[in-house]
file target_36.txt (compact mmCIF, C-alpha atoms)
# COMPACT_ATOMS: atom_id res chain seq x y z
CA MET A 1 -28.73 -61.35 -143.41
CA PRO A 2 -32.30 -62.48 -143.80
CA ASN A 3 -33.77 -64.85 -141.27
CA LEU A 4 -36.80 -67.10 -141.38
CA LEU A 5 -38.79 -64.73 -139.22
CA ASP A 6 -38.41 -61.96 -141.84
CA VAL A 7 -39.56 -64.35 -144.54
CA ALA A 8 -42.58 -65.47 -142.53
CA ARG A 9 -43.50 -61.86 -141.76
CA LEU A 10 -43.76 -61.13 -145.48
CA VAL A 11 -45.42 -64.33 -146.67
CA LEU A 12 -48.03 -64.22 -143.90
CA PRO A 13 -49.81 -61.01 -145.06
CA LEU A 14 -49.82 -62.28 -148.66
CA VAL A 15 -51.40 -65.61 -147.74
CA THR A 16 -53.84 -63.91 -145.34
CA GLY A 17 -54.79 -61.53 -148.14
CA ILE A 18 -55.48 -64.37 -150.56
CA VAL A 19 -57.70 -66.10 -147.99
CA VAL A 20 -59.55 -62.85 -147.16
CA GLY A 21 -59.97 -62.11 -150.89
CA TYR A 22 -61.34 -65.59 -151.47
CA PHE A 23 -64.07 -65.01 -148.91
CA LEU A 24 -64.82 -61.54 -150.28
CA ARG A 25 -65.46 -62.99 -153.74
CA GLU A 26 -69.22 -62.76 -153.55
CA LYS A 27 -69.14 -59.16 -152.34
CA LYS A 28 -69.66 -56.44 -154.88
CA ARG A 29 -66.66 -55.43 -156.91
CA LEU A 30 -63.68 -54.59 -154.77
CA ASN A 31 -62.01 -51.33 -155.62
CA LEU A 32 -58.54 -51.60 -154.19
CA GLY A 33 -56.68 -49.94 -157.06
CA LYS A 34 -56.48 -46.53 -155.37
CA ILE A 35 -55.55 -47.96 -151.98
CA ILE A 36 -52.78 -50.05 -153.53
CA SER A 37 -51.44 -47.10 -155.56
CA GLY A 38 -51.37 -45.00 -152.38
CA ILE A 39 -49.54 -47.69 -150.45
CA ILE A 40 -47.02 -48.10 -153.25
CA LEU A 41 -46.24 -44.37 -153.16
CA VAL A 42 -45.71 -44.46 -149.38
CA LEU A 43 -43.55 -47.57 -149.74
CA ILE A 44 -41.39 -46.13 -152.52
CA PHE A 45 -41.06 -42.81 -150.69
CA SER A 46 -39.85 -44.56 -147.53
CA LEU A 47 -37.47 -46.72 -149.60
CA GLY A 48 -36.06 -43.52 -151.11
CA PHE A 49 -35.93 -41.87 -147.69
CA THR A 50 -34.03 -44.80 -146.22
CA MET A 51 -31.60 -44.76 -149.14
CA GLY A 52 -31.15 -40.98 -149.00
CA SER A 53 -30.45 -40.96 -145.29
CA ASN A 54 -27.79 -43.65 -145.64
CA GLY A 55 -24.47 -41.97 -146.44
CA GLU A 56 -22.61 -45.24 -146.99
CA LEU A 57 -25.19 -46.38 -149.52
CA LEU A 58 -25.02 -43.11 -151.48
CA ALA A 59 -21.25 -43.59 -151.69
CA VAL A 60 -21.55 -47.01 -153.35
CA MET A 61 -24.37 -46.03 -155.72
CA PRO A 62 -22.07 -45.39 -158.71
CA ASN A 63 -20.95 -49.05 -158.56
CA VAL A 64 -24.55 -50.22 -158.54
CA GLY A 65 -24.94 -49.20 -162.20
CA VAL A 66 -22.71 -51.97 -163.58
CA THR A 67 -24.38 -54.61 -161.38
CA THR A 68 -27.80 -53.46 -162.57
CA ILE A 69 -26.92 -53.65 -166.26
CA VAL A 70 -25.24 -57.07 -166.00
CA LEU A 71 -28.11 -58.58 -163.97
CA LEU A 72 -30.78 -57.11 -166.25
CA ALA A 73 -29.02 -58.36 -169.40
CA MET A 74 -28.55 -61.86 -167.97
CA ALA A 75 -32.13 -62.14 -166.67
CA LEU A 76 -33.54 -61.05 -170.04
CA PHE A 77 -31.20 -63.25 -172.08
CA PHE A 78 -31.94 -66.44 -170.13
CA SER A 79 -35.68 -65.70 -169.94
CA ILE A 80 -35.91 -65.45 -173.74
CA LEU A 81 -33.68 -68.50 -174.20
CA PHE A 82 -35.79 -70.61 -171.85
CA VAL A 83 -39.07 -69.46 -173.42
CA LYS A 84 -37.73 -70.41 -176.87
CA ALA A 85 -36.79 -73.84 -175.50
CA ALA A 86 -40.15 -74.24 -173.74
CA ARG A 87 -42.03 -73.41 -176.95
CA LYS A 88 -40.19 -76.18 -178.77
CA LEU A 89 -40.83 -78.56 -175.90
CA VAL A 90 -44.60 -78.07 -175.55
CA ARG A 91 -45.19 -76.86 -179.15
CA ILE A 92 -46.97 -73.56 -178.57
CA MET B 1 -45.00 -44.60 -163.16
CA LYS B 2 -44.25 -40.87 -163.17
CA TYR B 3 -45.52 -40.63 -159.61
CA ILE B 4 -43.45 -43.58 -158.50
CA LEU B 5 -40.22 -42.06 -159.82
CA ALA B 6 -41.17 -38.75 -158.21
CA ALA B 7 -41.89 -40.49 -154.89
CA LEU B 8 -38.49 -42.21 -155.05
CA ALA B 9 -36.64 -38.99 -155.93
CA ILE B 10 -38.42 -36.92 -153.28
CA GLY B 11 -37.81 -39.70 -150.76
CA VAL B 12 -34.06 -39.80 -151.48
CA LEU B 13 -33.84 -36.01 -151.27
CA ALA B 14 -35.90 -35.83 -148.07
CA GLY B 15 -33.82 -38.60 -146.50
CA TYR B 16 -30.58 -36.87 -147.46
CA VAL B 17 -31.68 -33.49 -146.17
CA ASN B 18 -33.11 -34.93 -142.97
CA ASN B 19 -29.97 -36.94 -142.31
CA ASN B 20 -27.76 -33.88 -142.61
CA PHE B 21 -29.94 -31.14 -141.17
CA GLY B 22 -33.04 -32.68 -139.64
CA PHE B 23 -34.16 -34.99 -136.87
CA PRO B 24 -32.56 -38.44 -136.58
CA SER B 25 -35.71 -39.78 -134.91
CA LEU B 26 -37.63 -39.22 -138.15
CA ASN B 27 -35.34 -41.82 -139.74
CA THR B 28 -36.69 -44.54 -137.47
CA VAL B 29 -40.29 -43.52 -138.02
CA ILE B 30 -40.05 -43.56 -141.82
CA SER B 31 -37.40 -46.23 -142.41
CA ASP B 32 -38.86 -48.70 -139.93
CA TYR B 33 -42.55 -48.04 -139.36
CA ALA B 34 -43.74 -46.45 -142.62
CA PHE B 35 -41.61 -48.79 -144.73
CA ASN B 36 -42.56 -52.03 -142.99
CA LEU B 37 -46.22 -51.21 -142.57
CA SER B 38 -46.68 -50.22 -146.19
CA LEU B 39 -44.78 -53.30 -147.41
CA ILE B 40 -46.97 -55.59 -145.33
CA ALA B 41 -50.13 -53.72 -146.40
CA LEU B 42 -49.13 -53.99 -150.07
CA LEU B 43 -48.58 -57.75 -149.83
CA PHE B 44 -51.90 -58.14 -148.01
CA PHE B 45 -53.92 -56.16 -150.55
CA MET B 46 -52.24 -57.86 -153.51
CA GLY B 47 -53.28 -61.13 -151.90
CA VAL B 48 -56.87 -59.89 -151.51
CA LEU B 49 -56.96 -58.97 -155.21
CA PHE B 50 -55.74 -62.41 -156.29
CA GLY B 51 -58.04 -64.23 -153.92
CA ALA B 52 -61.09 -62.23 -155.01
CA ASP B 53 -60.43 -62.34 -158.75
CA LYS B 54 -62.53 -65.17 -160.12
CA GLU B 55 -61.87 -64.33 -163.75
CA ALA B 56 -58.10 -64.32 -163.51
CA LEU B 57 -58.04 -67.83 -162.13
CA ALA B 58 -60.67 -69.01 -164.62
CA LYS B 59 -58.66 -67.57 -167.53
CA LEU B 60 -55.60 -69.31 -166.22
CA ARG B 61 -57.44 -72.62 -165.93
CA LYS B 62 -59.01 -72.31 -169.37
CA THR B 63 -55.69 -72.09 -171.15
CA GLY B 64 -54.66 -75.29 -169.48
CA PHE B 65 -51.54 -76.78 -168.12
CA LYS B 66 -49.40 -76.08 -171.20
CA ILE B 67 -49.51 -72.36 -170.61
CA LEU B 68 -47.57 -72.83 -167.38
CA ALA B 69 -44.56 -73.66 -169.53
CA PHE B 70 -44.09 -69.92 -170.13
CA PRO B 71 -43.98 -68.60 -166.57
CA SER B 72 -41.92 -71.62 -165.48
CA ALA B 73 -39.39 -70.98 -168.24
CA ILE B 74 -39.31 -67.25 -167.44
CA ALA B 75 -39.01 -67.83 -163.69
CA LEU B 76 -36.19 -70.31 -164.18
CA GLY B 77 -34.48 -68.21 -166.86
CA SER B 78 -34.55 -65.07 -164.72
CA ILE B 79 -33.13 -66.83 -161.66
CA ILE B 80 -30.40 -68.54 -163.71
CA GLY B 81 -29.68 -65.17 -165.29
CA GLY B 82 -29.27 -63.77 -161.78
CA LEU B 83 -26.97 -66.65 -160.85
CA VAL B 84 -24.77 -66.23 -163.95
CA GLY B 85 -24.74 -62.45 -163.52
CA GLY B 86 -23.85 -62.79 -159.84
CA ILE B 87 -20.97 -65.15 -160.67
CA LEU B 88 -19.71 -62.84 -163.44
CA LEU B 89 -19.76 -59.90 -161.03
CA GLY B 90 -18.29 -61.92 -158.16
CA THR B 91 -21.03 -60.76 -155.83
CA ASN B 92 -23.59 -62.34 -153.48
CA VAL B 93 -25.31 -64.83 -155.83
CA PHE B 94 -28.34 -65.28 -153.57
CA ALA B 95 -28.98 -61.56 -153.64
CA SER B 96 -28.47 -61.37 -157.41
CA MET B 97 -30.85 -64.32 -157.95
CA GLY B 98 -33.37 -62.78 -155.57
CA VAL B 99 -33.28 -59.46 -157.37
CA CYS B 100 -33.84 -61.16 -160.76
CA ALA B 101 -36.70 -63.21 -159.28
CA GLY B 102 -38.74 -59.99 -159.13
CA TYR B 103 -39.56 -60.53 -162.83
CA GLY B 104 -40.03 -56.81 -163.40
CA TRP B 105 -42.18 -56.08 -160.36
CA TYR B 106 -40.01 -53.25 -159.10
CA THR B 107 -42.35 -51.78 -156.48
CA LEU B 108 -42.18 -55.10 -154.66
CA THR B 109 -38.62 -56.24 -155.40
CA GLY B 110 -36.90 -52.99 -154.37
CA PRO B 111 -38.33 -52.89 -150.84
CA LEU B 112 -38.26 -56.67 -150.43
CA ALA B 113 -34.62 -57.04 -151.52
CA GLY B 114 -33.70 -54.07 -149.32
CA GLN B 115 -35.28 -55.83 -146.38
CA LEU B 116 -33.82 -59.27 -147.09
CA PHE B 117 -30.37 -58.60 -148.64
CA GLY B 118 -29.51 -55.09 -147.46
CA LEU B 119 -30.21 -51.59 -148.68
CA GLU B 120 -27.75 -51.66 -151.58
CA TRP B 121 -29.62 -54.64 -153.03
CA GLY B 122 -32.85 -52.75 -152.50
CA ALA B 123 -31.58 -50.08 -154.86
CA ILE B 124 -30.39 -52.70 -157.34
CA GLY B 125 -33.67 -54.60 -157.05
CA PHE B 126 -35.62 -51.49 -157.85
CA THR B 127 -33.52 -50.44 -160.85
CA VAL B 128 -33.07 -53.91 -162.41
CA ASN B 129 -36.80 -54.53 -162.37
CA PHE B 130 -37.79 -51.00 -163.28
CA LEU B 131 -35.48 -51.14 -166.30
CA ARG B 132 -36.90 -54.57 -167.18
CA GLU B 133 -40.30 -52.99 -167.70
CA ILE B 134 -38.90 -50.03 -169.64
CA THR B 135 -36.66 -52.28 -171.80
CA THR B 136 -39.64 -54.49 -172.66
CA ILE B 137 -41.60 -51.50 -173.95
CA VAL B 138 -38.72 -49.74 -175.70
CA THR B 139 -37.25 -52.77 -177.50
CA ILE B 140 -40.50 -54.53 -178.37
CA SER B 141 -40.33 -53.99 -182.13
CA VAL B 142 -36.90 -55.67 -182.22
CA ALA B 143 -37.59 -58.30 -179.57
CA ARG B 144 -40.65 -59.72 -181.35
CA LYS B 145 -38.40 -60.57 -184.31
CA ILE B 146 -36.19 -62.74 -182.09
CA ASP B 147 -39.25 -64.69 -180.98
CA LYS B 148 -42.93 -63.92 -181.04
CA TYR B 149 -43.05 -64.51 -177.32
CA ALA B 150 -39.73 -62.83 -176.44
CA PRO B 151 -41.56 -59.69 -175.19
CA VAL B 152 -43.67 -61.91 -172.89
CA ALA B 153 -40.41 -63.35 -171.51
CA MET B 154 -38.89 -59.90 -171.09
CA GLY B 155 -41.98 -58.37 -169.54
CA GLY B 156 -42.12 -61.09 -166.86
CA ALA B 157 -44.67 -60.19 -164.21
CA THR B 158 -45.52 -56.90 -165.93
CA ALA B 159 -47.03 -58.83 -168.87
CA MET B 160 -50.31 -58.97 -166.97
CA ASP B 161 -50.76 -55.20 -166.69
CA THR B 162 -48.32 -52.44 -167.69
CA THR B 163 -46.68 -54.09 -170.69
CA LEU B 164 -49.76 -56.12 -171.73
CA PRO B 165 -51.26 -53.52 -174.10
CA VAL B 166 -47.91 -53.03 -175.86
CA ILE B 167 -47.30 -56.79 -176.16
CA VAL B 168 -50.76 -57.43 -177.62
CA ARG B 169 -50.40 -54.55 -180.05
CA TYR B 170 -47.02 -55.67 -181.42
CA CYS B 171 -47.22 -59.46 -181.06
CA GLY B 172 -50.89 -60.03 -181.91
CA GLN B 173 -54.21 -60.54 -180.17
CA ASP B 174 -53.50 -64.27 -179.78
CA THR B 175 -50.71 -63.50 -177.31
CA LEU B 176 -53.18 -61.90 -174.89
CA ILE B 177 -54.06 -64.96 -172.80
CA THR B 178 -50.49 -66.26 -172.82
CA ALA B 179 -49.05 -62.89 -171.81
CA PHE B 180 -51.66 -62.29 -169.15
CA SER B 181 -51.49 -65.72 -167.57
CA SER B 182 -47.71 -65.71 -167.67
CA GLY B 183 -47.56 -62.30 -165.98
CA PHE B 184 -50.23 -63.33 -163.51
CA THR B 185 -48.42 -66.52 -162.51
CA LEU B 186 -45.09 -64.71 -162.20
CA THR B 187 -46.72 -62.03 -160.03
CA ILE B 188 -47.87 -64.74 -157.64
CA ILE B 189 -44.51 -66.52 -157.73
CA ALA B 190 -42.32 -63.41 -157.26
CA PRO B 191 -42.75 -62.74 -153.52
CA PHE B 192 -42.44 -66.44 -152.73
CA ALA B 193 -39.40 -66.88 -155.00
CA ILE B 194 -37.57 -63.88 -153.52
CA THR B 195 -38.26 -64.86 -149.93
CA THR B 196 -37.40 -68.53 -150.60
CA ILE B 197 -34.06 -67.56 -152.15
CA ALA B 198 -33.40 -65.36 -149.11
CA ALA B 199 -34.25 -68.25 -146.80
CA LEU B 200 -31.83 -70.50 -148.73
CA ALA B 201 -29.11 -67.86 -148.31
CA HIS B 202 -29.60 -68.12 -144.60

call {"tool": "encode", "arguments": {"input": "target_36.txt", "output": "structure tokens"}}
result
Amino acid sequence: MPNLLDVARLVLPLVTGIVVGYFLREKKRLNLGKIISGIILVLIFSLGFTMGSNGELLAVMPNVGVTTIVLLAMALFFSILFVKAARKLVRI
Amino acid sequence: MKYILAALAIGVLAGYVNNNFGFPSLNTVISDYAFNLSLIALLFFMGVLFGADKEALAKLRKTGFKILAFPSAIALGSIIGGLVGGILLGTNVFASMGVCAGYGWYTLTGPLAGQLFGLEWGAIGFTVNFLREITTIVTISVARKIDKYAPVAMGGATAMDTTLPVIVRYCGQDTLITAFSSGFTLTIIAPFAITTIAALAH
């Protein structure tokens, strides 16, 4: 189960980053694209590694498919529905 | 995107092989240190990008308050979708809401959900949001007939970068600012929404 410490540990770097970025505004163009892409690859590789090394997880993976499809369908359906409603409401 | 799928596949394979034939200590190094450090670094650098980007904020301000109706509706719709889906499936509704609150940002939601709700939800978080991006691109010619802004809703956070060119091409140049600012706002909201939902679960 998540605890507040986990949450703080993740929000802290994001907020710190925003503050640091704000002060770096006047510097010449930041080129973080490559760094971020590299980090994403490391992150996704370690996520895959953790999943692959977990035998129990691999066993339940076939059941994950149904959950994925239902959640995706619901998220998309309600997003479109709410956007339609919002457009009527604010007249865009 | 190709590289990301390859990294995931190679990671799963490497983890499987290592678990069965390799060194257990490597598990700790990669699953704990590499995973956590790269997640924290990603959040930090995303923050730096937002903080440093004058134009993005200016664009957002220019379109005014009304434009926030879109990301708010999409954020709310996605989370309610997660709630309804979670109830239908009879599963952990906080985890299902958290996963849907990634708004298509799969590189963040997968690892974050894995960390906060358990590894199985990490896998679900990755696939739900990855497929959200793919579905937006693949179904766009049909979706725009439902509503001009349906693809913006479907794209979620990805409407500011990966799905933006496709949305503008199929839904018109005038959707550019709306799509971008919606995606931009959702990208900022996503990590906070996921972690807040996780905190509520606790």

call {"tool": "residues_around", "arguments": {"input": "target_36.txt", "residues": "Met61 (chain A)", "least_positions_apart": "6", "cutoff": "10 Å", "atoms": "only C-alpha atoms", "output": "PyMOL selection string"}}
result
(chain A and resi 51) or (chain B and resi 120+123-124)

call {"tool": "residues_around", "arguments": {"input": "target_36.txt", "residues": "Ser53 (chain A)", "least_positions_apart": "5", "cutoff": "6 Å", "atoms": "all atoms listed in the file", "output": "list of chain:residue names"}}
result
B:Gly15, B:Tyr16, B:Asn19

call {"tool": "atom_distance", "arguments": {"input": "target_36.txt", "atom1": "CA of Ile146 (chain B)", "atom2": "CA of Val168 (chain B)"}}
result
16.1 Å

call {"tool": "atom_distance", "arguments": {"input": "target_36.txt", "atom1": "CA of Phe45 (chain A)", "atom2": "CA of Phe35 (chain B)"}}
result
8.5 Å

call {"tool": "atom_distance", "arguments": {"input": "target_36.txt", "atom1": "CA of Gly82 (chain B)", "atom2": "CA of Ala75 (chain A)"}}
result
5.9 Å

call {"tool": "closest_residue", "arguments": {"input": "target_36.txt", "among": "B:Ser181, B:Leu89, B:Ile4, B:Val152", "to": "Val66 (chain A)", "atoms": "all atoms listed in the file"}}
result
B:Leu89

call {"tool": "residues_around", "arguments": {"input": "target_36.txt", "residues": "Phe77 (chain A)", "least_positions_apart": "2", "cutoff": "10 Å", "atoms": "all atoms listed in the file", "output": "count of residues only"}}
result
16
